[in-house]
>>> print(open('work17.cif').read())   # mmCIF, C-alpha atoms
data_query
loop_
_atom_site.label_atom_id
_atom_site.label_comp_id
_atom_site.auth_asym_id
_atom_site.auth_seq_id
_atom_site.Cartn_x
_atom_site.Cartn_y
_atom_site.Cartn_z
CA MET B 5 10.30 3.41 37.81
CA THR B 6 8.32 1.85 34.99
CA LYS B 7 6.58 -1.54 35.21
CA VAL B 8 6.90 -4.82 33.35
CA ASP B 9 3.73 -5.63 31.43
CA VAL B 10 3.06 -9.34 30.94
CA LEU B 11 1.46 -11.09 27.98
CA LEU B 12 0.58 -14.76 28.34
CA GLY B 13 -1.73 -17.54 27.19
CA LEU B 14 -4.81 -18.52 29.21
CA GLN B 15 -5.51 -21.92 27.64
CA TRP B 16 -3.28 -24.83 26.56
CA GLY B 17 -0.92 -22.71 24.46
CA ASP B 18 -1.21 -21.84 20.74
CA GLU B 19 -3.50 -18.90 21.58
CA GLY B 20 -1.78 -16.45 19.25
CA LYS B 21 0.62 -14.74 21.66
CA GLY B 22 3.31 -14.15 19.02
CA LYS B 23 0.97 -12.08 16.86
CA ILE B 24 -0.15 -9.82 19.73
CA VAL B 25 3.44 -9.34 20.94
CA ASP B 26 4.35 -8.29 17.39
CA VAL B 27 1.40 -5.85 17.29
CA LEU B 28 2.24 -4.37 20.72
CA THR B 29 6.03 -4.24 20.30
CA PRO B 30 6.16 -0.63 18.97
CA LYS B 31 4.94 0.50 22.43
CA TYR B 32 7.91 -1.16 24.18
CA ASP B 33 11.69 -0.88 24.38
CA ILE B 34 12.37 -4.47 25.45
CA ILE B 35 10.55 -7.77 24.80
CA ALA B 36 11.62 -10.52 27.22
CA ARG B 37 10.90 -14.27 27.18
CA PHE B 38 10.75 -15.60 30.75
CA GLN B 39 10.15 -19.37 30.57
CA GLY B 40 9.90 -22.44 28.35
CA GLY B 41 12.12 -23.29 25.44
CA PRO B 42 11.91 -24.57 21.88
CA ASN B 43 8.70 -26.45 22.78
CA ALA B 44 7.07 -23.06 22.17
CA GLY B 45 6.10 -22.01 18.67
CA HIS B 46 5.10 -18.37 18.22
CA THR B 47 3.70 -17.68 14.76
CA LEU B 48 3.81 -14.18 13.28
CA GLU B 49 2.41 -13.23 9.88
CA PHE B 50 2.92 -9.97 8.02
CA GLU B 51 3.56 -8.80 4.45
CA GLY B 52 2.48 -12.23 3.20
CA ILE B 53 5.23 -14.10 5.08
CA LYS B 54 4.71 -16.52 7.96
CA HIS B 55 7.42 -16.70 10.64
CA VAL B 56 7.66 -19.25 13.47
CA LEU B 57 9.87 -18.43 16.46
CA HIS B 58 10.74 -20.95 19.17
CA THR B 59 13.25 -19.31 21.52
CA ILE B 60 13.74 -15.78 20.20
CA PRO B 61 11.19 -13.22 21.48
CA SER B 62 8.50 -12.09 19.04
CA GLY B 63 9.74 -8.49 18.94
CA ILE B 64 12.79 -9.40 16.86
CA PHE B 65 11.30 -8.05 13.60
CA ARG B 66 10.83 -4.51 14.95
CA GLU B 67 13.70 -2.09 14.58
CA GLY B 68 14.86 -0.29 17.72
CA VAL B 69 13.43 -2.93 20.08
CA LEU B 70 15.71 -5.07 22.23
CA ASN B 71 14.81 -8.75 22.74
CA LEU B 72 15.95 -10.62 25.83
CA ILE B 73 15.96 -14.38 26.50
CA GLY B 74 15.57 -14.60 30.28
CA ASN B 75 17.06 -16.88 32.90
CA GLY B 76 13.86 -18.95 33.07
CA VAL B 77 14.22 -20.06 29.45
CA VAL B 78 16.01 -23.26 28.37
CA ILE B 79 17.96 -23.03 25.09
CA ASP B 80 18.81 -25.73 22.56
CA PRO B 81 21.82 -24.32 20.64
CA VAL B 82 20.95 -26.40 17.53
CA ILE B 83 17.36 -25.13 17.26
CA PHE B 84 18.52 -21.64 18.19
CA GLN B 85 21.07 -21.61 15.36
CA LYS B 86 18.42 -22.79 12.86
CA GLU B 87 16.12 -20.00 14.05
CA LEU B 88 18.83 -17.43 13.41
CA GLU B 89 19.51 -18.90 9.95
CA LYS B 90 15.82 -18.51 9.05
CA LEU B 91 16.01 -14.84 10.05
CA ALA B 92 19.11 -14.21 7.90
CA PRO B 93 17.19 -13.25 4.69
CA PHE B 94 15.48 -10.39 6.56
CA LYS B 95 18.79 -8.62 7.28
CA ILE B 96 18.05 -8.26 11.00
CA ASP B 97 21.01 -7.01 13.05
CA ILE B 98 20.76 -9.83 15.61
CA LYS B 99 23.73 -8.62 17.68
CA SER B 100 22.09 -5.27 18.37
CA ARG B 101 18.56 -6.64 18.87
CA LEU B 102 19.11 -9.77 20.99
CA VAL B 103 20.68 -10.43 24.39
CA ILE B 104 20.69 -13.65 26.42
CA SER B 105 20.72 -14.24 30.16
CA LYS B 106 23.89 -15.91 31.43
CA LYS B 107 21.61 -17.85 33.80
CA ALA B 108 19.48 -19.45 31.07
CA HIS B 109 20.01 -23.23 31.01
CA LEU B 110 21.25 -25.21 28.02
CA ILE B 111 19.50 -28.24 26.54
CA LEU B 112 22.11 -30.91 25.81
CA PRO B 113 21.78 -33.59 23.11
CA THR B 114 21.53 -36.12 25.95
CA HIS B 115 18.57 -34.21 27.43
CA ARG B 116 16.71 -34.86 24.18
CA LEU B 117 17.68 -38.53 24.32
CA LEU B 118 16.47 -38.81 27.92
CA ASP B 119 13.17 -37.20 26.90
CA ALA B 120 12.69 -39.68 24.03
CA ALA B 121 13.71 -42.71 26.14
CA SER B 122 11.39 -41.72 28.99
CA GLU B 123 8.39 -41.10 26.70
CA GLN B 124 9.01 -44.38 24.83
CA ALA B 125 9.12 -46.29 28.12
CA LYS B 126 5.74 -44.87 29.16
CA GLY B 127 3.97 -46.68 26.30
CA ASN B 128 0.26 -45.86 26.50
CA ASN B 129 0.78 -43.45 29.40
CA LYS B 130 2.64 -40.84 27.34
CA ILE B 131 2.13 -37.23 28.47
CA GLY B 132 2.54 -35.89 24.92
CA SER B 133 6.04 -34.43 25.28
CA THR B 134 7.39 -32.43 22.33
CA LEU B 135 10.61 -34.50 22.80
CA LYS B 136 12.72 -31.33 22.82
CA GLY B 137 14.51 -32.23 26.06
CA ILE B 138 12.69 -29.55 28.06
CA GLY B 139 11.67 -31.73 31.03
CA PRO B 140 15.09 -33.34 31.59
CA THR B 141 16.76 -29.90 31.34
CA TYR B 142 14.51 -28.42 34.02
CA MET B 143 15.11 -31.56 36.12
CA ASP B 144 18.85 -30.94 35.94
CA LYS B 145 18.23 -27.30 36.79
CA THR B 146 16.34 -28.16 39.99
CA GLY B 147 18.76 -31.04 40.63
CA ARG B 148 21.59 -28.46 40.53
CA ASN B 149 23.44 -30.23 37.72
CA GLY B 150 22.55 -27.95 34.83
CA LEU B 151 24.78 -26.14 32.36
CA ARG B 152 24.05 -22.46 31.82
CA VAL B 153 24.82 -19.98 29.06
CA GLY B 154 27.39 -18.29 31.30
CA ASP B 155 29.31 -21.59 31.52
CA ILE B 156 30.17 -21.54 27.80
CA PHE B 157 32.57 -18.64 28.45
CA LEU B 158 34.46 -20.50 31.22
CA PRO B 159 37.75 -22.36 30.63
CA ASN B 160 36.35 -25.58 32.15
CA PHE B 161 33.15 -25.64 30.06
CA LYS B 162 34.06 -28.85 28.18
CA GLU B 163 34.86 -30.56 31.47
CA LYS B 164 31.45 -29.55 32.89
CA TYR B 165 29.74 -30.72 29.71
CA ASP B 166 31.50 -34.13 29.74
CA LEU B 167 30.61 -34.69 33.39
CA LEU B 168 26.89 -34.08 32.78
CA VAL B 169 26.87 -36.21 29.61
CA GLU B 170 28.50 -39.05 31.54
CA LYS B 171 25.69 -38.89 34.09
CA HIS B 172 23.05 -38.93 31.32
CA VAL B 173 24.67 -41.87 29.50
CA GLY B 174 24.53 -43.81 32.77
CA ILE B 175 20.78 -43.12 33.06
CA LEU B 176 20.16 -44.02 29.40
CA SER B 177 21.80 -47.42 29.93
CA HIS B 178 18.78 -48.39 32.08
CA TYR B 179 16.36 -48.06 29.14
CA ASP B 180 16.31 -51.48 27.48
CA GLY B 181 16.44 -51.40 23.68
CA PHE B 182 16.90 -47.63 23.40
CA GLU B 183 19.53 -46.99 20.75
CA TYR B 184 21.26 -43.74 19.85
CA ASP B 185 24.41 -42.26 18.34
CA LEU B 186 25.55 -39.33 20.49
CA SER B 187 28.43 -38.32 18.22
CA VAL B 188 25.98 -37.45 15.41
CA LEU B 189 24.09 -35.10 17.75
CA GLU B 190 27.12 -33.50 19.38
CA LYS B 191 28.70 -31.90 16.30
CA PRO B 192 25.82 -29.52 15.44
CA TRP B 193 25.35 -28.82 19.17
CA MET B 194 28.95 -27.62 19.56
CA GLU B 195 28.51 -25.49 16.41
CA GLY B 196 25.45 -23.93 18.06
CA ILE B 197 27.52 -23.18 21.17
CA GLU B 198 29.94 -21.18 19.00
CA VAL B 199 27.00 -19.17 17.65
CA LEU B 200 25.87 -18.42 21.22
CA ARG B 201 29.39 -17.31 22.15
CA ASN B 202 29.21 -14.62 19.48
CA LEU B 203 26.08 -13.04 20.96
CA LYS B 204 25.79 -10.75 23.97
CA ALA B 205 25.24 -12.60 27.26
CA VAL B 206 24.15 -10.43 30.20
CA ASP B 207 23.30 -10.57 33.90
CA SER B 208 19.69 -10.20 32.87
CA GLU B 209 18.17 -9.41 36.26
CA GLN B 210 20.55 -6.44 36.67
CA PHE B 211 20.08 -5.49 33.02
CA LEU B 212 16.26 -5.40 33.27
CA ASN B 213 16.10 -3.62 36.62
CA ASP B 214 18.52 -0.97 35.36
CA ALA B 215 16.29 -0.61 32.27
CA LEU B 216 13.21 -0.12 34.48
CA LYS B 217 15.00 2.53 36.55
CA SER B 218 15.90 4.42 33.41
CA GLY B 219 12.23 4.46 32.29
CA LYS B 220 12.39 1.74 29.63
CA LYS B 221 9.12 -0.06 28.83
CA ILE B 222 9.30 -3.86 29.05
CA LEU B 223 6.88 -6.54 27.85
CA ALA B 224 7.34 -10.06 29.21
CA GLU B 225 6.31 -12.68 26.64
CA GLY B 226 4.95 -15.95 28.00
CA ALA B 227 5.16 -19.28 26.18
CA GLN B 228 2.72 -22.23 26.23
CA GLY B 229 -0.40 -21.45 28.32
CA THR B 230 -1.73 -21.28 31.87
CA MET B 231 -3.35 -24.72 31.67
CA LEU B 232 0.13 -26.18 31.03
CA ASP B 233 1.69 -24.57 34.14
CA ILE B 234 3.68 -27.07 36.24
CA ASP B 235 1.80 -26.04 39.42
CA PHE B 236 -1.59 -24.82 38.22
CA GLY B 237 -2.14 -26.67 34.95
CA THR B 238 -3.78 -30.04 34.23
CA TYR B 239 -1.00 -31.99 35.98
CA PRO B 240 0.73 -34.28 35.02
CA PHE B 241 -0.13 -33.29 31.42
CA VAL B 242 1.75 -30.02 31.72
CA THR B 243 5.04 -28.39 30.75
CA SER B 244 8.04 -28.13 33.10
CA SER B 245 7.92 -24.42 33.90
CA ASN B 246 5.64 -21.79 35.44
CA THR B 247 3.72 -20.31 32.53
CA VAL B 248 1.76 -17.88 34.75
CA THR B 249 2.44 -14.25 35.73
CA ALA B 250 4.42 -15.36 38.79
CA GLY B 251 6.88 -17.02 36.41
CA THR B 252 7.80 -13.56 35.12
CA CYS B 253 9.38 -12.68 38.47
CA THR B 254 11.49 -15.84 38.74
CA GLY B 255 12.13 -16.08 34.99
CA LEU B 256 13.43 -12.53 34.62
CA GLY B 257 14.51 -11.47 38.10
CA VAL B 258 11.99 -8.66 38.57
CA SER B 259 10.03 -8.13 41.79
CA PRO B 260 6.26 -8.70 42.07
CA ARG B 261 5.93 -4.94 42.66
CA ALA B 262 7.39 -4.34 39.18
CA ILE B 263 4.50 -6.12 37.39
CA GLY B 264 2.15 -3.76 35.53
CA ASP B 265 -0.65 -4.76 33.15
CA VAL B 266 -1.31 -8.45 32.50
CA ILE B 267 -2.66 -9.15 29.03
CA GLY B 268 -4.33 -12.55 28.75
CA ILE B 269 -4.65 -14.15 25.30
CA PHE B 270 -7.36 -16.70 24.49
CA LYS B 271 -8.95 -18.20 21.41
CA ALA B 272 -12.66 -17.73 20.72
CA TYR B 273 -12.72 -21.52 21.14
CA CYS B 274 -10.24 -24.04 22.68
CA THR B 275 -7.43 -26.26 21.41
CA ARG B 276 -4.95 -28.64 22.94
CA VAL B 277 -1.95 -30.54 21.56
CA GLY B 278 -0.97 -33.93 22.97
CA SER B 279 -2.45 -35.92 25.83
CA GLY B 280 -4.40 -34.71 28.84
CA PRO B 281 -7.87 -33.64 29.96
CA PHE B 282 -9.91 -31.32 27.76
CA PRO B 283 -13.47 -30.91 29.13
CA THR B 284 -14.94 -29.14 26.06
CA GLU B 285 -13.26 -31.27 23.38
CA LEU B 286 -15.36 -31.97 20.28
CA GLU B 287 -14.78 -35.35 18.68
CA ASP B 288 -17.39 -34.71 15.99
CA ALA B 289 -17.97 -32.73 12.80
CA ASP B 290 -17.88 -29.40 14.66
CA GLY B 291 -14.44 -30.24 16.03
CA GLU B 292 -13.23 -31.15 12.55
CA THR B 293 -14.67 -27.91 11.15
CA ILE B 294 -12.83 -25.81 13.77
CA ARG B 295 -9.57 -27.68 13.03
CA ALA B 296 -9.93 -27.14 9.28
CA GLU B 297 -11.07 -23.49 9.47
CA GLY B 298 -8.42 -22.58 12.06
CA ARG B 299 -5.63 -24.62 10.44
CA GLU B 300 -5.06 -26.11 13.86
CA PHE B 301 -1.75 -27.91 13.58
CA GLY B 302 1.08 -27.39 16.06
CA ALA B 303 3.63 -24.66 15.17
CA THR B 304 6.37 -26.71 16.86
CA THR B 305 5.24 -30.32 16.35
CA GLY B 306 2.96 -30.14 13.31
CA ARG B 307 0.56 -32.38 15.22
CA PRO B 308 -3.19 -31.84 14.65
CA ARG B 309 -4.61 -29.95 17.61
CA ARG B 310 -7.61 -31.24 19.52
CA CYS B 311 -10.44 -28.69 19.21
CA GLY B 312 -13.46 -27.71 21.28
CA TRP B 313 -15.78 -24.90 22.35
CA ILE B 314 -14.67 -22.20 24.77
CA ASP B 315 -14.36 -23.23 28.43
CA LEU B 316 -15.34 -20.43 30.85
CA PRO B 317 -14.55 -22.22 34.17
CA ALA B 318 -10.98 -22.83 32.93
CA LEU B 319 -10.70 -19.27 31.57
CA LYS B 320 -11.95 -17.70 34.81
CA TYR B 321 -9.42 -19.80 36.72
CA ALA B 322 -6.61 -18.63 34.42
CA ILE B 323 -7.66 -14.97 34.77
CA MET B 324 -7.68 -15.33 38.57
CA ILE B 325 -4.27 -17.06 38.79
CA ASN B 326 -2.60 -14.50 36.53
CA GLY B 327 -4.27 -11.30 37.72
CA VAL B 328 -5.30 -10.53 34.13
CA SER B 329 -6.19 -6.87 33.57
CA GLU B 330 -7.26 -7.10 29.91
CA LEU B 331 -8.01 -9.79 27.33
CA SER B 332 -7.25 -10.36 23.66
CA MET B 333 -9.62 -12.76 21.84
CA MET B 334 -7.98 -14.54 18.93
CA LYS B 335 -9.29 -16.33 15.85
CA ALA B 336 -12.83 -14.96 15.97
CA ASP B 337 -12.88 -15.40 12.17
CA VAL B 338 -12.62 -19.19 12.53
CA LEU B 339 -16.12 -19.38 14.08
CA SER B 340 -17.73 -17.49 11.17
CA VAL B 341 -19.03 -20.75 9.66
CA PHE B 342 -21.28 -21.61 12.62
CA ASP B 343 -24.98 -20.72 13.07
CA GLN B 344 -24.66 -21.28 16.81
CA ILE B 345 -21.57 -21.06 19.00
CA LYS B 346 -21.51 -23.05 22.21
CA VAL B 347 -20.01 -21.87 25.49
CA CYS B 348 -19.24 -24.08 28.50
CA THR B 349 -20.40 -22.10 31.55
CA HIS B 350 -20.13 -24.79 34.26
CA TYR B 351 -19.02 -28.38 34.87
CA ILE B 352 -21.03 -31.22 36.35
CA VAL B 353 -18.69 -33.22 38.62
CA ASP B 354 -20.09 -36.08 40.74
CA GLY B 355 -23.58 -34.66 40.26
CA GLU B 356 -22.55 -31.19 41.47
CA LYS B 357 -22.64 -28.09 39.25
CA ILE B 358 -19.46 -26.02 39.65
CA ASP B 359 -17.91 -23.05 37.83
CA PHE B 360 -14.25 -23.53 38.76
CA LEU B 361 -11.41 -25.91 37.91
CA PRO B 362 -11.21 -28.70 40.52
CA TYR B 363 -8.18 -30.72 41.59
CA ASP B 364 -6.97 -33.48 39.24
CA ILE B 365 -9.38 -33.10 36.33
CA ALA B 366 -7.19 -35.65 34.55
CA ASN B 367 -8.96 -38.39 36.51
CA MET B 368 -12.48 -36.99 36.72
CA ASP B 369 -15.61 -37.45 34.70
CA ILE B 370 -16.48 -33.85 33.81
CA GLN B 371 -19.66 -33.02 31.93
CA PRO B 372 -19.76 -29.49 30.44
CA VAL B 373 -22.90 -27.36 30.85
CA TRP B 374 -23.54 -25.48 27.60
CA GLU B 375 -25.14 -22.22 26.54
CA SER B 376 -25.73 -21.40 22.86
CA ILE B 377 -24.90 -17.99 21.39
CA PRO B 378 -25.98 -16.95 17.86
CA GLY B 379 -23.11 -16.93 15.34
CA TRP B 380 -22.32 -14.05 12.97
CA LYS B 381 -22.16 -16.14 9.77
CA CYS B 382 -20.08 -13.62 7.81
CA ASP B 383 -16.47 -13.05 6.81
CA LEU B 384 -14.61 -10.99 9.46
CA THR B 385 -11.18 -11.02 7.80
CA LYS B 386 -11.74 -7.78 5.81
CA LEU B 387 -12.84 -5.70 8.82
CA SER B 388 -10.68 -2.64 9.44
CA SER B 389 -12.32 -1.51 12.69
CA TYR B 390 -14.39 -2.97 15.52
CA ALA B 391 -17.14 -0.43 14.78
CA GLU B 392 -17.78 -2.28 11.47
CA ALA B 393 -18.08 -5.68 13.22
CA PRO B 394 -21.43 -7.52 13.02
CA LYS B 395 -23.72 -7.16 16.04
CA ALA B 396 -23.56 -10.93 16.76
CA LEU B 397 -19.77 -10.74 17.21
CA LYS B 398 -20.11 -7.72 19.50
CA ASP B 399 -22.78 -9.60 21.46
CA TYR B 400 -20.40 -12.56 21.87
CA VAL B 401 -17.66 -10.22 23.12
CA ASP B 402 -20.08 -8.49 25.54
CA TYR B 403 -21.31 -11.87 26.80
CA LEU B 404 -17.75 -13.08 27.47
CA GLU B 405 -16.76 -9.80 29.17
CA GLN B 406 -19.74 -10.10 31.50
CA LYS B 407 -18.99 -13.74 32.36
CA LEU B 408 -15.22 -13.22 32.73
CA GLU B 409 -15.48 -9.82 34.48
CA THR B 410 -12.50 -8.60 32.44
CA PRO B 411 -12.43 -6.25 29.41
CA ILE B 412 -11.68 -7.70 25.97
CA THR B 413 -9.61 -4.93 24.36
CA VAL B 414 -8.50 -6.75 21.20
CA VAL B 415 -10.34 -9.04 18.77
CA SER B 416 -8.22 -10.77 16.13
CA VAL B 417 -9.93 -11.58 12.82
CA GLY B 418 -7.05 -13.12 10.85
CA PRO B 419 -3.37 -14.08 11.09
CA ASP B 420 -1.87 -10.86 9.72
CA ARG B 421 -0.80 -8.09 12.09
CA THR B 422 -3.26 -5.75 10.28
CA GLN B 423 -6.23 -8.02 11.12
CA THR B 424 -6.34 -6.82 14.72
CA LEU B 425 -9.33 -4.83 16.00
CA GLN B 426 -9.15 -2.57 19.07
CA THR B 427 -12.51 -2.63 20.87
CA ARG B 428 -11.82 0.51 22.89
#
>>> encode(input="work17.cif", output="structure tokens")
Amino acid sequence: MTKVDVLLGLQWGDEGKGKIVDVLTPKYDIIARFQGGPNAGHTLEFEGIKHVLHTIPSGIFREGVLNLIGNGVVIDPVIFQKELEKLAPFKIDIKSRLVISKKAHLILPTHRLLDAASEQAKGNNKIGSTLKGIGPTYMDKTGRNGLRVGDIFLPNFKEKYDLLVEKHVGILSHYDGFEYDLSVLEKPWMEGIEVLRNLKAVDSEQFLNDALKSGKKILAEGAQGTMLDIDFGTYPFVTSSNTVTAGTCTGLGVSPRAIGDVIGIFKAYCTRVGSGPFPTELEDADGETIRAEGREFGATTGRPRRCGWIDLPALKYAIMINGVSELSMMKADVLSVFDQIKVCTHYIVDGEKIDFLPYDIANMDIQPVWESIPGWKCDLTKLSSYAEAPKALKDYVDYLEQKLETPITVVSVGPDRTQTLQTR
């Protein structure tokens, strides 16, 4: 029986997972998304065209590869339909390349309204929601009220839908001054449901385990990042799902014994979108330089990302939680403008020097401890092999490998799939 390899983000999302999935896809038969929803934005770039996927796995552009949306994912039929429409010019046979778990939950228009009403009511205490209805959908899932993809094929689907909407409208009535027009939102949603009905829905846990038994190679594609995990992230400034390796088992229905390699993706620096703690954040010229050089604006929200130097205590924590077996370092080219690159090796918390992520960093005064590493000060984007890389870049990679005790097997030096260097 083959294993499920896992690829996931080790920071606050936006690490470049989509690109690496796209690069690795030829090695696999199935690419499977296991959590999150349209709050994810996976950017792929090849042949001069930039593609952003939100719900569909990043293997969709490769012929002969099946893409599966797992039970742990939440789907907004409107956004999903738009995603499919954007793929139309590329003549992809969606019906043969994409299957959806019957157990994946649906985001209703009223889930989005609840998200907006809740965030508006928080005022200055906003958590930085993408307002895609993700949180309320997962709340209905755990509250055992949710609608699932399998329900759209049942004769009483409309009845189930109306019942849940009635509940949501009752909750919305408690938000003073929150106005909305549900009828405007419902029409495109129902059109999206028809699109979903025309695709193949499967019992994904059975489907994937049968695939493993028959020797198929599967890559599980994570969304967001470890530091946004509902249990292990910087709570409460987190997403509503388990973004870590363990989420693969519950989000796809595969056993822990079926997990193979775990590929952790991180940027050569750090970014974060929205509110929440960020120990190495730079609110100075260096932070602005990283944002400009890296074009750091959210793939889903368009919001400018907060930028900072790399954070080793947080990275080590993420590697530990996920059981990472190899690393891919993204956006090394962005740091080419710096003479010196800083690395946070420890935190000072209440006068104590620590090298791990403590409880509730959202309410702590954390002072980073820095080390400086010489920069490479040259253009990396034209490199065709790691052997040609400047010594300073190799020194940075060696330094990180030593500190993180995990091999860095890939260094990305640009957005295109060709700008990907294998170190081994």
>>> residues_around(input="work17.cif", residues="Val10 in chain B", least_positions_apart="4", cutoff="9 Å", atoms="all atoms listed in the file", output="list in words")
Ile222, Leu223, Ala224, Glu225, Gly226, Thr249, Thr252, Ile263, Gly264, Asp265, Val266, Ile267 and Gly268 of chain B
>>> residues_around(input="work17.cif", residues="range 395-401 of chain B", least_positions_apart="3", cutoff="8 Å", atoms="all atoms listed in the file", output="list of chain:residue names")
B:Ile377, B:Pro378, B:Gly379, B:Trp380, B:Leu404, B:Glu405, B:Ile412
>>> residues_near_point(input="work17.cif", point="(17.2, -1.7, 21.3)", cutoff="9 Å", atoms="all atoms listed in the file", output="list in words")
Asp33, Ile34, Glu67, Gly68, Val69, Leu70, Asn71, Ser100, Arg101 and Leu102 of chain B
>>> resolve_selection(input="work17.cif", expression="the PyMOL selection byres ((chain B and resi 183) around 12)", output="PyMOL selection string")
chain B and resi 117-118+120-121+124+173+176-182+184-186
>>> atom_distance(input="work17.cif", atom1="CA of Leu387 in chain B", atom2="CA of His55 in chain B")
23.1 Å
>>> atom_distance(input="work17.cif", atom1="CA of Pro260 in chain B", atom2="CA of Phe360 in chain B")
25.5 Å
>>> residues_around(input="work17.cif", residues="Cys348 in chain B", least_positions_apart="5", cutoff="7 Å", atoms="only C-alpha atoms", output="JSON, numbers by chain")
{"B": [314, 315, 316, 372, 373, 374, 375]}
>>> write_last_selection(input="work17.cif", atoms="C-alpha atoms", output="PDB file, keeping the file's coordinate frame")
ATOM      1  CA  ILE B 314     -14.670 -22.200  24.770  1.00  0.00           C
ATOM      2  CA  ASP B 315     -14.360 -23.230  28.430  1.00  0.00           C
ATOM      3  CA  LEU B 316     -15.340 -20.430  30.850  1.00  0.00           C
ATOM      4  CA  PRO B 372     -19.760 -29.490  30.440  1.00  0.00           C
ATOM      5  CA  VAL B 373     -22.900 -27.360  30.850  1.00  0.00           C
ATOM      6  CA  TRP B 374     -23.540 -25.480  27.600  1.00  0.00           C
ATOM      7  CA  GLU B 375     -25.140 -22.220  26.540  1.00  0.00           C
TER       8      GLU B 375
END
>>> residues_around(input="work17.cif", residues="Lys145 in chain B", least_positions_apart="3", cutoff="12 Å", atoms="all atoms listed in the file", output="list in words")
Asn75, Gly76, Val77, Val78, Lys107, Ala108, His109, Leu110, Ile111, His115, Ile138, Gly139, Pro140, Thr141, Tyr142, Arg148, Asn149, Gly150, Leu151, Arg152, Leu168, Ser244 and Ser245 of chain B
>>> resolve_selection(input="work17.cif", expression="the PyMOL selection byres ((chain B and resi 410) around 12)", output="number ranges by chain")
B: 266-269, 319-320, 322-324, 327-333, 401-409, 411-413
>>> residues_near_point(input="work17.cif", point="(25.3, -30.2, 18.7)", cutoff="12 Å", atoms="all atoms listed in the file", output="ChimeraX atom specification")
/B:80-86,110-116,165,186-199
>>> write_last_selection(input="work17.cif", atoms="C-alpha atoms", output="compact mmCIF listing (two decimals), keeping the file's coordinate frame")
# COMPACT_ATOMS: atom_id res chain seq x y z
CA ASP B 80 18.81 -25.73 22.56
CA PRO B 81 21.82 -24.32 20.64
CA VAL B 82 20.95 -26.40 17.53
CA ILE B 83 17.36 -25.13 17.26
CA PHE B 84 18.52 -21.64 18.19
CA GLN B 85 21.07 -21.61 15.36
CA LYS B 86 18.42 -22.79 12.86
CA LEU B 110 21.25 -25.21 28.02
CA ILE B 111 19.50 -28.24 26.54
CA LEU B 112 22.11 -30.91 25.81
CA PRO B 113 21.78 -33.59 23.11
CA THR B 114 21.53 -36.12 25.95
CA HIS B 115 18.57 -34.21 27.43
CA ARG B 116 16.71 -34.86 24.18
CA TYR B 165 29.74 -30.72 29.71
CA LEU B 186 25.55 -39.33 20.49
CA SER B 187 28.43 -38.32 18.22
CA VAL B 188 25.98 -37.45 15.41
CA LEU B 189 24.09 -35.10 17.75
CA GLU B 190 27.12 -33.50 19.38
CA LYS B 191 28.70 -31.90 16.30
CA PRO B 192 25.82 -29.52 15.44
CA TRP B 193 25.35 -28.82 19.17
CA MET B 194 28.95 -27.62 19.56
CA GLU B 195 28.51 -25.49 16.41
CA GLY B 196 25.45 -23.93 18.06
CA ILE B 197 27.52 -23.18 21.17
CA GLU B 198 29.94 -21.18 19.00
CA VAL B 199 27.00 -19.17 17.65
>>> closest_residue(input="work17.cif", among="B:Leu256, B:Val277, B:Ile294, B:Val56", to="Leu232 in chain B", atoms="only C-alpha atoms")
B:Val277
>>> resolve_selection(input="work17.cif", expression="the PyMOL selection byres ((chain B and resi 417) around 6)", output="ChimeraX atom specification")
/B:335-337,384-385,416,418,423
>>> atom_distance(input="work17.cif", atom1="CA of Pro317 in chain B", atom2="CA of Thr349 in chain B")
6.4 Å
>>> residues_around(input="work17.cif", residues="Phe50 in chain B", least_positions_apart="5", cutoff="10 Å", atoms="only C-alpha atoms", output="list in words")
Lys23, Asp26, His55, Pro419, Asp420, Arg421, Thr422 and Gln423 of chain B
>>> closest_residue(input="work17.cif", among="B:Gly219, B:Gly229, B:Pro42, B:Gly237", to="Met5 in chain B", atoms="only C-alpha atoms")
B:Gly219
>>> closest_residue(input="work17.cif", among="B:His58, B:Arg310, B:Lys357, B:Arg428", to="Trp16 in chain B", atoms="all atoms listed in the file")
B:Arg310
>>> closest_residue(input="work17.cif", among="B:Ser376, B:Ser340, B:Thr254, B:Thr424", to="Ser208 in chain B", atoms="all atoms listed in the file")
B:Thr254
